[in-house]
Amino acid sequence: MKLEIKKVFPKNPSRYEGFRIIRLIAMLYMFVMVVRSCIHLFASDGGAQSIAGIDTSVEGGNNIIAIFHQWGAIQLILAILLIVLFFRYPGLTPLILLTLTLDPVLRFVAGQQMSLTTTGTPPGEALNGVSLYLLLVLFLGSLWNKKPN
């Protein structure tokens with residue numbers, strides 16, 4: 001098996017010739033993204049206190065909640081766009097997985113800029129490393145050829 005970096009921008013985006021399991025796991029991951037986005041968008045506190053453990057009873061707490069709601073909206077837009085591309089252009093699976101892989105990397109970078117004060121470890125932080133490794137494996141797996149050339 002050989003990695004084909006050219007698969008990130010395929011000549012024919014309507015065909016995916018990689019392993020089916022890669023797309024199945026990616027589809028499940030994107031479903032989780034939609035659920036996470038909806039929680040941030042529709043939960044009364046945007047998940048800020050109830051899930052992330054951020055004290056929203058402080059001055060400016062409503063602003064924290066508002067930012068979480070806005071974050072959920074942006075996450076949902078991105079998730080829907082990636083899902084549309086995923087099903088309409090299966091050949092873009094490697095590009096979609098690369099995009100998803102950058103998310104935990106940039107979350108880590110953002111977390112290094114300034115840490116959060118929380119009552120516990122937020123799920124996003126706790127699962128960031130797992131997400132990175134899973135998505136990296138999926139991305140690399142999407143670049144492999146099933147058949148030798």
# chains A, B, ... in the order shown; residues from 1 in each chain; ligands from 1
$ residues_around --residues "Ala52 of chain A" --least-positions-apart "2" --cutoff "9 Å" --atoms "only C-alpha atoms" --output "PDB file with C-alpha atoms, in the first residue's frame"
ATOM      1  CA  GLY A  47     -23.103  23.867  27.516  1.00  0.00           C
ATOM      2  CA  ALA A  48     -20.768  26.403  29.126  1.00  0.00           C
ATOM      3  CA  GLN A  49     -21.565  25.528  32.735  1.00  0.00           C
ATOM      4  CA  SER A  50     -23.532  22.293  32.442  1.00  0.00           C
ATOM      5  CA  ILE A  54     -17.389  27.289  33.306  1.00  0.00           C
ATOM      6  CA  THR A 118     -13.387  25.312  35.054  1.00  0.00           C
ATOM      7  CA  THR A 119     -14.757  23.050  37.767  1.00  0.00           C
ATOM      8  CA  GLY A 120     -13.527  20.016  35.817  1.00  0.00           C
ATOM      9  CA  THR A 121     -11.971  19.083  32.529  1.00  0.00           C
ATOM     10  CA  PRO A 122     -14.319  19.996  29.663  1.00  0.00           C
ATOM     11  CA  PRO A 123     -15.059  17.080  27.307  1.00  0.00           C
ATOM     12  CA  GLY A 124     -13.539  18.989  24.381  1.00  0.00           C
TER      13      GLY A 124
END
$ residues_around --residues "segment 105-110 of chain A" --least-positions-apart "2" --cutoff "9 Å" --atoms "only C-alpha atoms" --output "JSON, numbers by chain"
{"A": [101, 102, 103, 112, 113, 114, 115, 124, 125, 128, 129, 132]}
$ closest_atom_pairs --of "segment 28-142 of chain A" --to "segment 14-17 of chain A" --cutoff "8 Å" --atoms "only C-alpha atoms" --output "Markdown table"
| residue | atom | partner | partner_atom | distance |
| --- | --- | --- | --- | --- |
| A:Arg88 | CA | A:Ser14 | CA | 7.1 |
| A:Tyr89 | CA | A:Ser14 | CA | 4.6 |
| A:Pro90 | CA | A:Tyr16 | CA | 5.2 |
| A:Gly91 | CA | A:Tyr16 | CA | 4.2 |
| A:Leu92 | CA | A:Tyr16 | CA | 7.6 |
| A:Thr93 | CA | A:Tyr16 | CA | 7.3 |
$ write_last_selection --atoms "N, CA and C atoms" --output "PDB file, in the first residue's frame"
ATOM      1  N   ARG A  88     -21.915  14.439  -1.355  1.00  0.00           N
ATOM      2  CA  ARG A  88     -21.977  14.860  -2.767  1.00  0.00           C
ATOM      3  C   ARG A  88     -20.687  14.535  -3.517  1.00  0.00           C
ATOM      4  N   TYR A  89     -19.557  14.675  -2.834  1.00  0.00           N
ATOM      5  CA  TYR A  89     -18.252  14.445  -3.451  1.00  0.00           C
ATOM      6  C   TYR A  89     -17.431  13.483  -2.585  1.00  0.00           C
ATOM      7  N   PRO A  90     -17.711  12.195  -2.655  1.00  0.00           N
ATOM      8  CA  PRO A  90     -17.001  11.227  -1.808  1.00  0.00           C
ATOM      9  C   PRO A  90     -15.482  11.270  -1.974  1.00  0.00           C
ATOM     10  N   GLY A  91     -15.018  11.670  -3.138  1.00  0.00           N
ATOM     11  CA  GLY A  91     -13.580  11.747  -3.384  1.00  0.00           C
ATOM     12  C   GLY A  91     -12.888  12.811  -2.547  1.00  0.00           C
ATOM     13  N   LEU A  92     -13.670  13.723  -1.957  1.00  0.00           N
ATOM     14  CA  LEU A  92     -13.091  14.756  -1.095  1.00  0.00           C
ATOM     15  C   LEU A  92     -12.921  14.273   0.352  1.00  0.00           C
ATOM     16  N   THR A  93     -13.154  12.989   0.590  1.00  0.00           N
ATOM     17  CA  THR A  93     -13.011  12.440   1.940  1.00  0.00           C
ATOM     18  C   THR A  93     -11.657  12.787   2.562  1.00  0.00           C
TER      19      THR A  93
END
$ residues_around --residues "Val8 of chain A" --least-positions-apart "3" --cutoff "7 Å" --atoms "only C-alpha atoms" --output "mmCIF file with all heavy atoms, in the first residue's frame"
data_model
loop_
_atom_site.group_PDB
_atom_site.id
_atom_site.type_symbol
_atom_site.label_atom_id
_atom_site.label_comp_id
_atom_site.auth_asym_id
_atom_site.auth_seq_id
_atom_site.Cartn_x
_atom_site.Cartn_y
_atom_site.Cartn_z
ATOM 1 N N ILE A 5 -0.811 11.425 -1.674
ATOM 2 C CA ILE A 5 -1.164 12.764 -1.197
ATOM 3 C C ILE A 5 -2.042 13.505 -2.213
ATOM 4 O O ILE A 5 -2.808 14.401 -1.852
ATOM 5 C CB ILE A 5 0.110 13.570 -0.820
ATOM 6 C CG1 ILE A 5 -0.261 14.765 0.069
ATOM 7 C CG2 ILE A 5 0.871 14.002 -2.046
ATOM 8 C CD1 ILE A 5 -0.649 14.379 1.444
ATOM 9 N N LEU A 92 -13.670 13.723 -1.957
ATOM 10 C CA LEU A 92 -13.091 14.756 -1.095
ATOM 11 C C LEU A 92 -12.921 14.273 0.352
ATOM 12 O O LEU A 92 -12.560 15.058 1.221
ATOM 13 C CB LEU A 92 -13.949 16.021 -1.120
ATOM 14 C CG LEU A 92 -13.993 16.782 -2.444
ATOM 15 C CD1 LEU A 92 -14.884 18.015 -2.311
ATOM 16 C CD2 LEU A 92 -12.601 17.178 -2.896
ATOM 17 N N PRO A 94 -10.526 12.621 1.859
ATOM 18 C CA PRO A 94 -9.248 13.001 2.479
ATOM 19 C C PRO A 94 -9.173 14.487 2.853
ATOM 20 O O PRO A 94 -8.667 14.824 3.925
ATOM 21 C CB PRO A 94 -8.205 12.649 1.410
ATOM 22 C CG PRO A 94 -8.850 11.576 0.599
ATOM 23 C CD PRO A 94 -10.308 11.949 0.564
ATOM 24 N N LEU A 95 -9.686 15.369 2.006
ATOM 25 C CA LEU A 95 -9.674 16.804 2.311
ATOM 26 C C LEU A 95 -10.557 17.107 3.518
ATOM 27 O O LEU A 95 -10.183 17.894 4.394
ATOM 28 C CB LEU A 95 -10.128 17.617 1.093
ATOM 29 C CG LEU A 95 -10.187 19.132 1.285
ATOM 30 C CD1 LEU A 95 -8.804 19.696 1.614
ATOM 31 C CD2 LEU A 95 -10.757 19.800 0.044
#
$ atom_distance --atom1 "atom CA of Leu143 of chain A" --atom2 "atom CA of Leu127 of chain A"
24.3 Å
$ atom_distance --atom1 "atom CA of Gly46 of chain A" --atom2 "atom CA of Ile65 of chain A"
5.6 Å
$ atom_distance --atom1 "atom CA of Ile51 of chain A" --atom2 "atom CA of Phe31 of chain A"
18.6 Å
$ closest_residue --among "A:Ile25, A:Leu3, A:Val84, A:Leu78" --to "Leu134 of chain A" --atoms "only C-alpha atoms"
A:Ile25
$ closest_residue --among "A:Phe9, A:Trp71, A:Phe86, A:Tyr29" --to "Leu135 of chain A" --atoms "only C-alpha atoms"
A:Tyr29
$ select_by_dssp --residues "chain A" --states "helix (DSSP H, G or I)" --output "number ranges by chain"
A: 5-8, 20-42, 61-88, 90-113, 123-126, 128-143
$ residues_around --residues "Leu81 of chain A" --least-positions-apart "5" --cutoff "12 Å" --atoms "only C-alpha atoms" --output "list of chain:residue names"
A:Met30, A:Met33, A:Val34, A:Ile74, A:Gln75, A:Leu76, A:Phe86, A:Phe87, A:Arg88, A:Tyr89, A:Ile96, A:Thr99
$ closest_residue --among "A:Ile39, A:Lys11, A:Thr117, A:Leu100" --to "Val137 of chain A" --atoms "only C-alpha atoms"
A:Leu100
